[in-house]
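**Q** structure_21.txt is reproduced below (compact mmCIF, C-alpha atoms).
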# COMPACT_ATOMS: atom_id res chain seq x y z
CA MET A 9 -31.70 -20.62 5.61
CA MET A 10 -31.16 -22.25 2.26
CA GLU A 11 -29.61 -25.69 2.52
CA ASN A 12 -26.77 -24.85 0.19
CA ARG A 13 -26.00 -21.49 1.73
CA GLU A 14 -22.66 -22.59 3.14
CA ALA A 15 -21.64 -23.97 -0.24
CA GLN A 16 -22.25 -20.67 -1.99
CA PRO A 17 -19.51 -18.03 -2.03
CA GLN A 18 -19.89 -15.49 0.75
CA THR A 19 -19.16 -12.22 -0.95
CA ASP A 20 -21.42 -10.03 1.17
CA LEU A 21 -20.31 -8.47 4.40
CA MET A 22 -22.17 -9.74 7.42
CA ALA A 23 -23.27 -7.72 10.43
CA GLU A 24 -25.58 -8.36 13.33
CA ALA A 25 -28.62 -6.13 13.59
CA ALA A 26 -28.82 -4.43 16.96
CA PRO A 27 -31.45 -5.98 19.23
CA ASN A 28 -32.65 -2.63 20.52
CA ASN A 29 -33.71 -1.67 17.00
CA ALA A 30 -36.16 -4.57 16.87
CA GLY A 31 -39.85 -4.59 17.61
CA ARG A 32 -42.80 -6.88 17.02
CA ASP A 33 -45.62 -6.53 14.58
CA HIS A 34 -49.24 -7.55 15.30
CA HIS A 35 -48.50 -11.06 13.97
CA GLY A 36 -45.83 -11.63 16.58
CA HIS A 37 -42.97 -11.28 14.08
CA GLU A 38 -39.81 -9.47 15.00
CA CYS A 39 -39.05 -6.46 12.82
CA VAL A 40 -35.99 -4.34 12.22
CA VAL A 41 -37.00 -0.68 12.19
CA SER A 42 -35.40 1.76 9.83
CA SER A 43 -32.66 3.98 11.23
CA PRO A 44 -32.17 7.76 10.89
CA PRO A 45 -30.81 8.86 7.48
CA LEU A 46 -27.15 9.28 8.55
CA GLU A 47 -27.21 6.09 10.59
CA SER A 48 -28.77 4.22 7.70
CA LEU A 49 -26.13 5.59 5.30
CA LEU A 50 -23.26 4.57 7.58
CA THR A 51 -24.55 1.01 7.85
CA ARG A 52 -24.68 0.74 4.06
CA PHE A 53 -21.40 2.49 3.37
CA HIS A 54 -18.31 0.30 2.92
CA ALA A 55 -14.82 0.48 1.45
CA GLY A 56 -16.12 -0.63 -1.95
CA TYR A 57 -17.41 2.92 -2.51
CA PHE A 58 -13.82 4.06 -2.90
CA ARG A 59 -14.02 2.61 -6.40
CA ILE A 60 -15.46 6.04 -7.24
CA SER A 61 -12.37 7.90 -6.03
CA LEU A 62 -10.12 5.37 -7.78
CA SER A 63 -11.87 6.16 -11.06
CA LEU A 64 -11.67 9.92 -10.58
CA GLY A 65 -8.05 9.70 -9.39
CA SER A 66 -6.94 7.71 -12.41
CA GLN A 67 -8.75 10.17 -14.70
CA ALA A 68 -7.05 13.14 -13.02
CA LEU A 69 -3.69 11.43 -13.50
CA LEU A 70 -4.54 10.73 -17.14
CA TRP A 71 -5.46 14.31 -17.94
CA LYS A 72 -2.42 15.64 -16.11
CA ARG A 73 -0.26 13.41 -18.30
CA LEU A 74 -2.11 14.52 -21.45
CA SER A 75 -1.47 18.16 -20.58
CA GLU A 76 2.27 17.34 -20.53
CA THR A 77 2.44 15.43 -23.83
CA ARG A 78 4.01 16.88 -26.91
CA ALA A 79 1.76 18.80 -29.28
CA GLU A 80 1.56 16.17 -32.02
CA LEU A 81 0.03 13.69 -29.56
CA GLN A 82 -2.57 16.09 -28.17
CA PRO A 83 -5.91 14.29 -28.70
CA PHE A 84 -7.74 17.54 -29.41
CA GLY A 85 -5.37 19.06 -31.92
CA HIS A 86 -2.91 21.92 -31.75
CA GLY A 87 -5.60 24.54 -31.11
CA SER A 88 -7.03 22.90 -28.02
CA GLN A 89 -3.98 22.28 -25.86
CA MET A 90 -5.59 24.07 -22.90
CA PHE A 91 -8.46 21.60 -22.73
CA PRO A 92 -6.49 18.74 -21.05
CA LEU A 93 -5.18 21.19 -18.44
CA LEU A 94 -8.67 22.51 -17.70
CA ALA A 95 -10.09 18.98 -17.49
CA PHE A 96 -7.26 18.01 -15.16
CA PHE A 97 -7.96 20.83 -12.71
CA LEU A 98 -11.70 20.13 -12.70
CA LEU A 99 -11.17 16.40 -12.13
CA TRP A 100 -8.55 16.93 -9.44
CA PHE A 101 -10.74 19.22 -7.37
CA LEU A 102 -13.72 16.89 -7.88
CA LEU A 103 -11.54 14.00 -6.74
CA PHE A 104 -10.39 15.96 -3.68
CA PHE A 105 -13.99 16.74 -2.67
CA VAL A 106 -15.25 13.18 -3.25
CA LEU A 107 -12.29 11.61 -1.45
CA ILE A 108 -12.69 13.89 1.56
CA LEU A 109 -16.40 13.02 1.69
CA LEU A 110 -15.85 9.27 1.37
CA SER A 111 -13.05 9.31 3.94
CA PHE A 112 -15.17 11.30 6.39
CA LEU A 113 -18.05 8.84 6.05
CA TYR A 114 -15.73 5.88 6.55
CA ILE A 115 -14.19 7.46 9.65
CA LEU A 116 -17.70 7.88 11.06
CA ARG A 117 -18.39 4.25 10.23
CA CYS A 118 -15.24 3.26 12.13
CA PHE A 119 -16.41 5.19 15.19
CA PHE A 120 -20.06 4.17 15.26
CA HIS A 121 -20.02 0.77 13.53
CA PHE A 122 -16.59 -0.64 14.21
CA HIS A 123 -17.97 -4.20 14.20
CA MET A 124 -18.92 -3.72 10.53
CA VAL A 125 -15.43 -2.45 9.69
CA LYS A 126 -14.04 -5.49 11.48
CA ALA A 127 -16.33 -7.68 9.39
CA GLU A 128 -14.88 -6.12 6.24
CA PHE A 129 -11.36 -6.72 7.53
CA LEU A 130 -12.09 -10.39 8.17
CA HIS A 131 -13.90 -10.94 4.87
CA HIS A 132 -11.94 -12.37 1.94
CA VAL A 133 -13.45 -9.85 -0.51
CA GLY A 134 -14.03 -6.88 1.78
CA VAL A 135 -10.45 -6.77 3.05
CA ASN A 136 -9.12 -6.14 -0.45
CA TYR A 137 -11.13 -2.94 -0.75
CA LEU A 138 -9.43 -1.57 2.37
CA PHE A 139 -6.54 -0.81 0.02
CA ALA A 140 -8.78 1.44 -2.11
CA PRO A 141 -8.79 4.55 0.15
CA TRP A 142 -4.99 4.62 0.34
CA ILE A 143 -4.60 4.02 -3.40
CA SER A 144 -6.98 6.92 -3.99
CA TRP A 145 -4.93 9.23 -1.77
CA LEU A 146 -1.74 8.16 -3.54
CA LEU A 147 -3.34 8.96 -6.91
CA LEU A 148 -4.44 12.33 -5.55
CA LEU A 149 -0.87 12.98 -4.38
CA GLN A 150 0.70 12.01 -7.71
CA SER A 151 -1.70 14.19 -9.67
CA ALA A 152 -1.58 17.17 -7.27
CA PRO A 153 -0.88 20.40 -9.18
CA LEU A 154 0.89 22.18 -6.31
CA VAL A 155 2.67 19.41 -4.36
CA LEU A 156 5.90 18.62 -6.19
CA PRO A 157 7.62 15.21 -5.74
CA ASN A 158 10.87 16.78 -4.46
CA THR A 159 9.22 18.55 -1.53
CA LEU A 160 9.03 17.54 2.14
CA SER A 161 5.22 17.62 2.09
CA TYR A 162 5.17 15.04 -0.71
CA LEU A 163 7.54 12.78 1.25
CA VAL A 164 5.49 13.02 4.45
CA LEU A 165 2.21 12.37 2.65
CA TRP A 166 3.75 9.42 0.80
CA TRP A 167 4.68 7.78 4.09
CA VAL A 168 1.24 8.48 5.55
CA PHE A 169 -0.48 6.75 2.63
CA VAL A 170 2.03 3.93 2.08
CA ILE A 171 2.33 2.65 5.66
CA PRO A 172 -1.31 1.38 5.74
CA VAL A 173 -0.71 -0.36 2.39
CA LEU A 174 2.37 -2.14 3.77
CA ALA A 175 0.52 -3.05 6.96
CA LEU A 176 -2.30 -4.61 4.94
CA ASP A 177 0.32 -6.41 2.82
CA ILE A 178 1.80 -8.04 5.90
CA LYS A 179 -1.65 -9.02 7.13
CA ILE A 180 -3.02 -10.44 3.86
CA TYR A 181 0.08 -11.90 2.23
CA GLY A 182 1.15 -13.49 5.49
CA GLN A 183 -2.21 -15.22 5.83
CA TRP A 184 -1.94 -16.68 2.36
CA PHE A 185 0.78 -19.12 3.37
CA THR A 186 0.57 -19.33 7.17
CA THR A 187 -3.13 -19.59 8.06
CA GLU A 188 -4.83 -22.82 7.03
CA LYS A 189 -8.29 -21.31 6.61
CA ARG A 190 -6.82 -18.38 4.69
CA PHE A 191 -4.65 -20.24 2.18
CA PHE A 192 -4.83 -18.27 -1.03
CA SER A 193 -6.22 -21.18 -2.99
CA MET A 194 -9.25 -21.03 -0.68
CA VAL A 195 -9.90 -17.27 -0.76
CA ALA A 196 -8.62 -16.25 -4.22
CA ASN A 197 -10.87 -13.90 -6.19
CA PRO A 198 -10.29 -11.09 -8.72
CA THR A 199 -10.43 -8.38 -6.03
CA SER A 200 -7.19 -9.82 -4.63
CA GLN A 201 -5.45 -7.82 -7.36
CA ILE A 202 -6.31 -4.53 -5.62
CA SER A 203 -3.53 -5.19 -3.13
CA VAL A 204 -1.12 -5.57 -6.05
CA ILE A 205 -2.28 -2.26 -7.53
CA GLY A 206 -1.72 -0.59 -4.16
CA ASN A 207 1.94 -1.62 -4.14
CA LEU A 208 2.46 -0.55 -7.75
CA VAL A 209 0.87 2.87 -7.23
CA GLY A 210 3.07 3.33 -4.15
CA ALA A 211 6.11 2.30 -6.17
CA ARG A 212 5.34 4.86 -8.87
CA ALA A 213 4.89 7.60 -6.26
CA ALA A 214 8.24 6.70 -4.69
CA ALA A 215 9.99 6.70 -8.07
CA LEU A 216 8.66 10.18 -8.86
CA MET A 217 10.42 11.63 -5.80
CA GLY A 218 13.67 9.81 -6.54
CA TRP A 219 13.40 7.02 -3.97
CA LYS A 220 14.43 4.34 -6.44
CA GLU A 221 15.25 1.63 -3.87
CA SER A 222 11.88 2.00 -2.14
CA ALA A 223 10.17 2.01 -5.54
CA ILE A 224 11.92 -1.19 -6.60
CA CYS A 225 11.02 -2.81 -3.26
CA MET A 226 7.30 -2.06 -3.63
CA PHE A 227 7.34 -2.94 -7.31
CA THR A 228 8.89 -6.34 -6.53
CA LEU A 229 6.41 -7.00 -3.76
CA GLY A 230 3.51 -6.16 -6.05
CA MET A 231 4.68 -8.10 -9.10
CA VAL A 232 5.58 -11.29 -7.22
CA HIS A 233 2.14 -11.43 -5.67
CA TYR A 234 0.54 -10.51 -9.00
CA LEU A 235 2.07 -13.65 -10.48
CA VAL A 236 0.67 -15.67 -7.58
CA VAL A 237 -2.78 -14.11 -7.96
CA PHE A 238 -2.84 -14.41 -11.75
CA VAL A 239 -1.73 -18.06 -11.84
CA THR A 240 -4.12 -19.05 -9.04
CA LEU A 241 -7.12 -17.39 -10.70
CA TYR A 242 -6.08 -18.60 -14.15
CA GLN A 243 -5.99 -22.20 -12.97
CA ARG A 244 -9.38 -21.92 -11.29
CA LEU A 245 -8.39 -24.13 -8.37
CA SER A 246 -11.28 -26.08 -6.89
CA GLY A 247 -11.10 -24.22 -3.61
CA SER A 248 -11.29 -20.76 -5.16
CA ASP A 249 -14.41 -18.75 -4.38
CA GLN A 250 -16.43 -17.44 -7.28
CA LEU A 251 -17.92 -13.97 -7.39
CA PRO A 252 -21.63 -13.39 -7.96
CA VAL A 253 -22.89 -11.99 -11.23
CA MET A 254 -23.20 -8.41 -9.96
CA LEU A 255 -19.46 -8.28 -9.19
CA ARG A 256 -18.24 -9.37 -12.61
CA PRO A 257 -16.98 -5.84 -13.43
CA VAL A 258 -14.02 -6.60 -11.14
CA PHE A 259 -12.70 -8.91 -13.87
CA PHE A 260 -11.32 -5.68 -15.37
CA LEU A 261 -8.76 -5.76 -12.56
CA PHE A 262 -6.96 -8.47 -14.54
CA PHE A 263 -5.46 -5.85 -16.86
CA ALA A 264 -5.35 -2.99 -14.31
CA ALA A 265 -2.36 -4.49 -12.49
CA PRO A 266 -0.04 -4.95 -15.51
CA SER A 267 -1.08 -1.52 -16.83
CA MET A 268 -0.06 0.14 -13.58
CA ALA A 269 3.06 -2.04 -13.48
CA SER A 270 4.15 -0.68 -16.87
CA LEU A 271 3.66 2.88 -15.59
CA ALA A 272 5.51 2.16 -12.35
CA TRP A 273 8.46 0.58 -14.14
CA LYS A 274 8.62 3.51 -16.54
CA SER A 275 8.95 5.86 -13.56
CA ILE A 276 11.62 3.62 -12.00
CA SER A 277 13.73 3.08 -15.13
CA GLY A 278 13.20 6.57 -16.54
CA SER A 279 11.89 5.40 -19.90
CA PHE A 280 9.15 3.25 -21.37
CA ASP A 281 11.56 0.41 -22.10
CA THR A 282 11.10 -3.21 -23.13
CA THR A 283 9.82 -4.30 -19.70
CA SER A 284 7.17 -1.57 -19.70
CA LYS A 285 6.16 -2.49 -23.25
CA MET A 286 5.81 -6.17 -22.33
CA LEU A 287 3.54 -5.30 -19.41
CA PHE A 288 1.53 -2.95 -21.62
CA PHE A 289 1.05 -5.61 -24.28
CA LEU A 290 -0.04 -8.10 -21.61
CA SER A 291 -2.65 -5.69 -20.27
CA LEU A 292 -3.81 -4.90 -23.80
CA PHE A 293 -4.27 -8.61 -24.54
CA LEU A 294 -6.22 -9.20 -21.31
CA PHE A 295 -8.43 -6.19 -22.04
CA THR A 296 -9.12 -7.44 -25.56
CA SER A 297 -9.98 -10.89 -24.21
CA LEU A 298 -12.58 -9.40 -21.87
CA ALA A 299 -13.91 -6.90 -24.42
CA CYS A 300 -14.61 -9.77 -26.83
CA ARG A 301 -16.89 -11.41 -24.25
CA PRO A 302 -19.66 -8.86 -23.53
CA ALA A 303 -22.05 -11.66 -22.55
CA LEU A 304 -19.92 -12.19 -19.44
CA PHE A 305 -21.04 -8.78 -18.13
CA LYS A 306 -24.60 -8.72 -19.46
CA LYS A 307 -26.33 -9.81 -16.26
CA SER A 308 -24.24 -7.49 -14.09
CA MET A 309 -25.47 -4.51 -16.13
CA ARG A 310 -29.16 -5.01 -15.44
CA LYS A 311 -29.19 -2.75 -12.37
CA PHE A 312 -26.84 0.10 -11.56
CA ASN A 313 -24.67 -0.34 -8.49
CA VAL A 314 -21.33 0.88 -7.20
CA ALA A 315 -19.58 -2.20 -8.65
CA TRP A 316 -19.91 -0.60 -12.09
CA TRP A 317 -17.10 1.79 -11.16
CA ALA A 318 -14.72 -1.17 -11.46
CA TYR A 319 -14.95 -0.72 -15.23
CA SER A 320 -13.43 2.76 -15.14
CA PHE A 321 -10.07 2.89 -13.38
CA PRO A 322 -8.56 -0.26 -14.99
CA LEU A 323 -9.42 1.15 -18.41
CA THR A 324 -7.90 4.50 -17.43
CA PHE A 325 -4.67 2.85 -16.29
CA LEU A 326 -4.50 1.13 -19.68
CA ALA A 327 -5.11 4.45 -21.43
CA LEU A 328 -2.30 6.01 -19.37
CA ALA A 329 0.06 3.23 -20.43
CA SER A 330 -0.95 3.78 -24.07
CA VAL A 331 -0.05 7.47 -23.76
CA GLU A 332 3.44 6.51 -22.58
CA TYR A 333 3.69 3.95 -25.39
CA ALA A 334 2.68 6.54 -27.99
CA GLN A 335 5.27 8.94 -26.60
CA LYS A 336 8.00 6.33 -27.02
CA VAL A 337 7.11 4.65 -30.32
CA GLU A 338 7.20 6.33 -33.71
CA GLY A 339 4.49 5.64 -36.27
CA GLU A 340 0.75 5.99 -36.71
CA ILE A 341 -0.56 2.89 -34.93
CA ALA A 342 0.48 3.93 -31.42
CA PRO A 343 -1.31 7.34 -31.49
CA VAL A 344 -4.45 5.74 -32.94
CA LEU A 345 -4.42 3.10 -30.21
CA MET A 346 -3.96 5.82 -27.63
CA LEU A 347 -6.94 7.77 -28.97
CA VAL A 348 -9.18 4.68 -28.96
CA LEU A 349 -8.30 3.79 -25.37
CA LEU A 350 -8.51 7.42 -24.27
CA ALA A 351 -11.95 7.84 -25.82
CA SER A 352 -13.14 4.59 -24.23
CA SER A 353 -11.81 5.59 -20.82
CA VAL A 354 -13.37 9.06 -20.86
CA THR A 355 -16.69 7.75 -22.19
CA VAL A 356 -16.94 5.09 -19.49
CA CYS A 357 -16.08 7.55 -16.73
CA LEU A 358 -18.54 10.19 -17.97
CA GLY A 359 -21.22 7.54 -18.36
CA LEU A 360 -20.70 6.37 -14.79
CA MET A 361 -20.92 9.94 -13.51
CA ILE A 362 -24.23 10.41 -15.31
CA PHE A 363 -25.59 7.08 -14.10
CA ALA A 364 -24.49 7.90 -10.55
CA ALA A 365 -26.21 11.30 -10.67
CA LEU A 366 -29.42 9.77 -12.02
CA ASN A 367 -29.38 6.84 -9.60
CA MET A 368 -28.15 8.53 -6.44
CA ARG A 369 -30.80 6.85 -4.28
CA THR A 370 -29.73 3.43 -5.55
CA LEU A 371 -26.04 4.28 -5.16
CA LEU A 372 -26.52 5.34 -1.54
CA GLY A 373 -28.97 2.55 -0.79
CA LYS A 374 -31.87 4.89 0.05
CA GLY A 375 -34.26 3.05 -2.16
CA SER A 376 -33.82 -0.34 -0.53
CA ILE A 377 -36.18 -1.80 2.03
CA LEU A 378 -35.13 -0.92 5.56
CA LYS A 379 -37.55 -3.08 7.46
CA SER A 380 -37.72 -6.84 7.46
CA CYS A 381 -39.50 -9.33 9.62
CA LYS A 382 -38.77 -12.79 10.81
CA SER A 383 -40.36 -15.37 13.01
CA GLN A 384 -40.15 -14.88 16.77
CA ASN A 385 -38.16 -18.06 17.39
CA LYS A 386 -35.03 -16.27 16.06
CA GLU A 387 -33.02 -14.18 18.50
CA SER A 388 -31.30 -11.93 15.96
CA LEU A 389 -31.30 -11.04 12.29
CA ASN A 390 -28.20 -11.20 10.11
CA MET A 391 -28.09 -8.50 7.46
CA GLU A 392 -26.02 -8.68 4.31
CA TYR A 393 -24.30 -5.70 2.82
CA ASN A 394 -23.73 -6.40 -0.81
CA ASN A 395 -21.15 -4.52 -2.83
CA GLY A 396 -23.85 -2.38 -4.37
CA GLY A 397 -24.37 -0.77 -0.99
CA GLU A 398 -27.84 -2.15 -0.32
CA LEU A 399 -28.97 -3.60 2.98
CA LEU A 400 -30.54 -7.00 2.40
CA PRO A 401 -31.94 -9.61 4.78
CA ASN A 402 -30.45 -13.07 4.73
CA THR A 403 -32.26 -15.61 2.55
CA VAL A 404 -34.55 -17.71 4.73
Please, can you express the file's structure as structure tokens?
**A**
Amino acid sequence: MMENREAQPQTDLMAEAAPNNAGRDHHGHECVVSSPPLESLLTRFHAGYFRISLSLGSQALLWKRLSETRAELQPFGHGSQMFPLLAFFLLWFLLFFVLILLSFLYILRCFFHFHMVKAEFLHHVGVNYLFAPWISWLLLLQSAPLVLPNTLSYLVLWWVFVIPVLALDIKIYGQWFTTEKRFFSMVANPTSQISVIGNLVGARAAALMGWKESAICMFTLGMVHYLVVFVTLYQRLSGSDQLPVMLRPVFFLFFAAPSMASLAWKSISGSFDTTSKMLFFLSLFLFTSLACRPALFKKSMRKFNVAWWAYSFPLTFLALASVEYAQKVEGEIAPVLMLVLLASSVTVCLGLMIFAALNMRTLLGKGSILKSCKSQNKESLNMEYNNGGELLPNTV
């Protein structure tokens, strides 16, 4: 192992290769033999793939909102008011299919590779992505064309999707100030903001069905911890872990949380008031700060991986907030800003879909090497699962 391995941030999920999968080559080296296709896919699959459903869910919510806007704010003119509705239905059904597929694969992973799921749960980066499936389902619920917020089915589904979020809140937030090895200053990273987004999405869903007290509770929980996360990451405390280059797209989460907070507060208060505007302006400033530094993301763009999807849903949340802002504010600047953010959001999402279709083998990890050897004096081989979904041997 490299001498400085322990000093480097551990952002990959660790799992132990099964001994019965090992053999020896003619040089006396121990080898890990490739698994069957489904087995190989399950070992590579992790909660980070739910970034895809987050992106599609936020887009479905965006196009649903656009189909409800007044005619003068329709981005395609008065003659094309059916286009947002058509795009919404296509995206919603695509989201439903993708989310069912991802959830099914993760359930299989839980059954057949529970030790890997446990490794995600114990990992300071991996545990944050365990919020992603439930956020995706909440986005699907909020954008559902047939399930109305005032129905019993909406209420039941809201509880089903929110309870895991609250359980993860108790687990993670409690560790931040009670467990010495899990103090937040030691494990802070940009993905910690996903937990905040989970609470804010749940708050918005509760507000839509009239549960104002529950919405305020979740909103408070999310915003208080957002302040903790933002200040900790902003100060760059010496104990904070840094993310590798390939995960730099998650810096877009910095403006995803305030964007969703502005939307959640709008649903709670009933209007896009001063508080919502302040949160929107904060997210707009953070987005501009990142957009003015393209060199920060240059190295992470060299090879396509699932982490790229982290660009999409934060930008879509910001576009959603800009739609609400344009609805509230009179003048020409707000609609123009909405159109710019909307165009950017749709372009990024479409681009990611195209890249994903063209690089499906890379996205699913089929193109990576499945066999690696090591000297016979080692009893087992640790394998790293990076957030791009590839199976990689430890550096030796």
**Q** Please provide the set of residues having any atom within 6 Å of stretch 205-210 of chain A, restricted to all atoms listed in the file, with same-chain residues fewer than 6 positions apart removed, written as an mmCIF file with C-alpha atoms, in the coordinates of the input.
**A**
data_model
loop_
_atom_site.group_PDB
_atom_site.id
_atom_site.type_symbol
_atom_site.label_atom_id
_atom_site.label_comp_id
_atom_site.auth_asym_id
_atom_site.auth_seq_id
_atom_site.Cartn_x
_atom_site.Cartn_y
_atom_site.Cartn_z
ATOM 1 C CA ILE A 143 -4.600 4.020 -3.400
ATOM 2 C CA MET A 226 7.300 -2.060 -3.630
ATOM 3 C CA PHE A 227 7.340 -2.940 -7.310
ATOM 4 C CA GLY A 230 3.510 -6.160 -6.050
ATOM 5 C CA ALA A 265 -2.360 -4.490 -12.490
ATOM 6 C CA ALA A 269 3.060 -2.040 -13.480
#
**Q** Please build the interface table for stretch 244-290 of chain A against stretch 313-329 of chain A with a cut-off of 7 Å, listing for each qualifying residue the nearest atom pair and the distance in Å to one decimal; count all atoms listed in the file, order rows by chain and increasing number, and write it as JSON lines.
**A**
{"residue": "A:Leu255", "atom": "CA", "partner": "A:Ala315", "partner_atom": "CA", "distance": 6.1}
{"residue": "A:Pro257", "atom": "CA", "partner": "A:Ala318", "partner_atom": "CA", "distance": 5.5}
{"residue": "A:Val258", "atom": "CA", "partner": "A:Ala318", "partner_atom": "CA", "distance": 5.5}
{"residue": "A:Phe260", "atom": "CA", "partner": "A:Pro322", "partner_atom": "CA", "distance": 6.1}
{"residue": "A:Leu261", "atom": "CA", "partner": "A:Pro322", "partner_atom": "CA", "distance": 6.0}
{"residue": "A:Phe263", "atom": "CA", "partner": "A:Pro322", "partner_atom": "CA", "distance": 6.7}
{"residue": "A:Ala264", "atom": "CA", "partner": "A:Pro322", "partner_atom": "CA", "distance": 4.3}
{"residue": "A:Ser267", "atom": "CA", "partner": "A:Leu326", "partner_atom": "CA", "distance": 5.2}
{"residue": "A:Met268", "atom": "CA", "partner": "A:Phe325", "partner_atom": "CA", "distance": 6.0}
{"residue": "A:Ser270", "atom": "CA", "partner": "A:Ala329", "partner_atom": "CA", "distance": 6.7}
{"residue": "A:Leu271", "atom": "CA", "partner": "A:Ala329", "partner_atom": "CA", "distance": 6.0}
{"residue": "A:Phe288", "atom": "CA", "partner": "A:Ala329", "partner_atom": "CA", "distance": 6.5}
**Q** With all atoms listed in the file as the counted atoms, please give the residues lying no more than 12 Å from A:Val337, apart from itself and same-chain residues fewer than 3 positions off, as a list in words.
**A**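 The filter keeps Leu81, Ser279, Phe280, Asp281, Thr282, Lys285, Ser330, Val331, Glu332, Tyr333, Ala334, Glu340, Ile341, Ala342, Pro343, Val344, Leu345 and Met346 of chain A.
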**Q** Give me, please, the distance in Å between atom CA of A:Val253 and atom CA of A:Leu304, quoted to one decimal.
**A**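 Separating atom CA of A:Val253 from atom CA of A:Leu304 is a distance of 8.7 Å.
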**Q** Measure the distance from atom CA of A:Pro266 to atom CA of A:Val239 in Å and round it to one decimal.
**A**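 Separation between atom CA of A:Pro266 and atom CA of A:Val239: 13.7 Å.
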**Q** Please, what distance in Å, to one decimal, runs between atom CA of A:Ser200 and atom CA of A:His132?
**A**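 Computing the Euclidean distance for atom CA of A:Ser200 and atom CA of A:His132 yields 8.5 Å.
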**Q** Find the residue from A:Ile180, A:Leu241, A:Ala211, A:Ala196 that sits nearest to A:Phe129; use all atoms listed in the file when measuring.
**A**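 Smallest separation from A:Phe129 among the options: A:Ile180.
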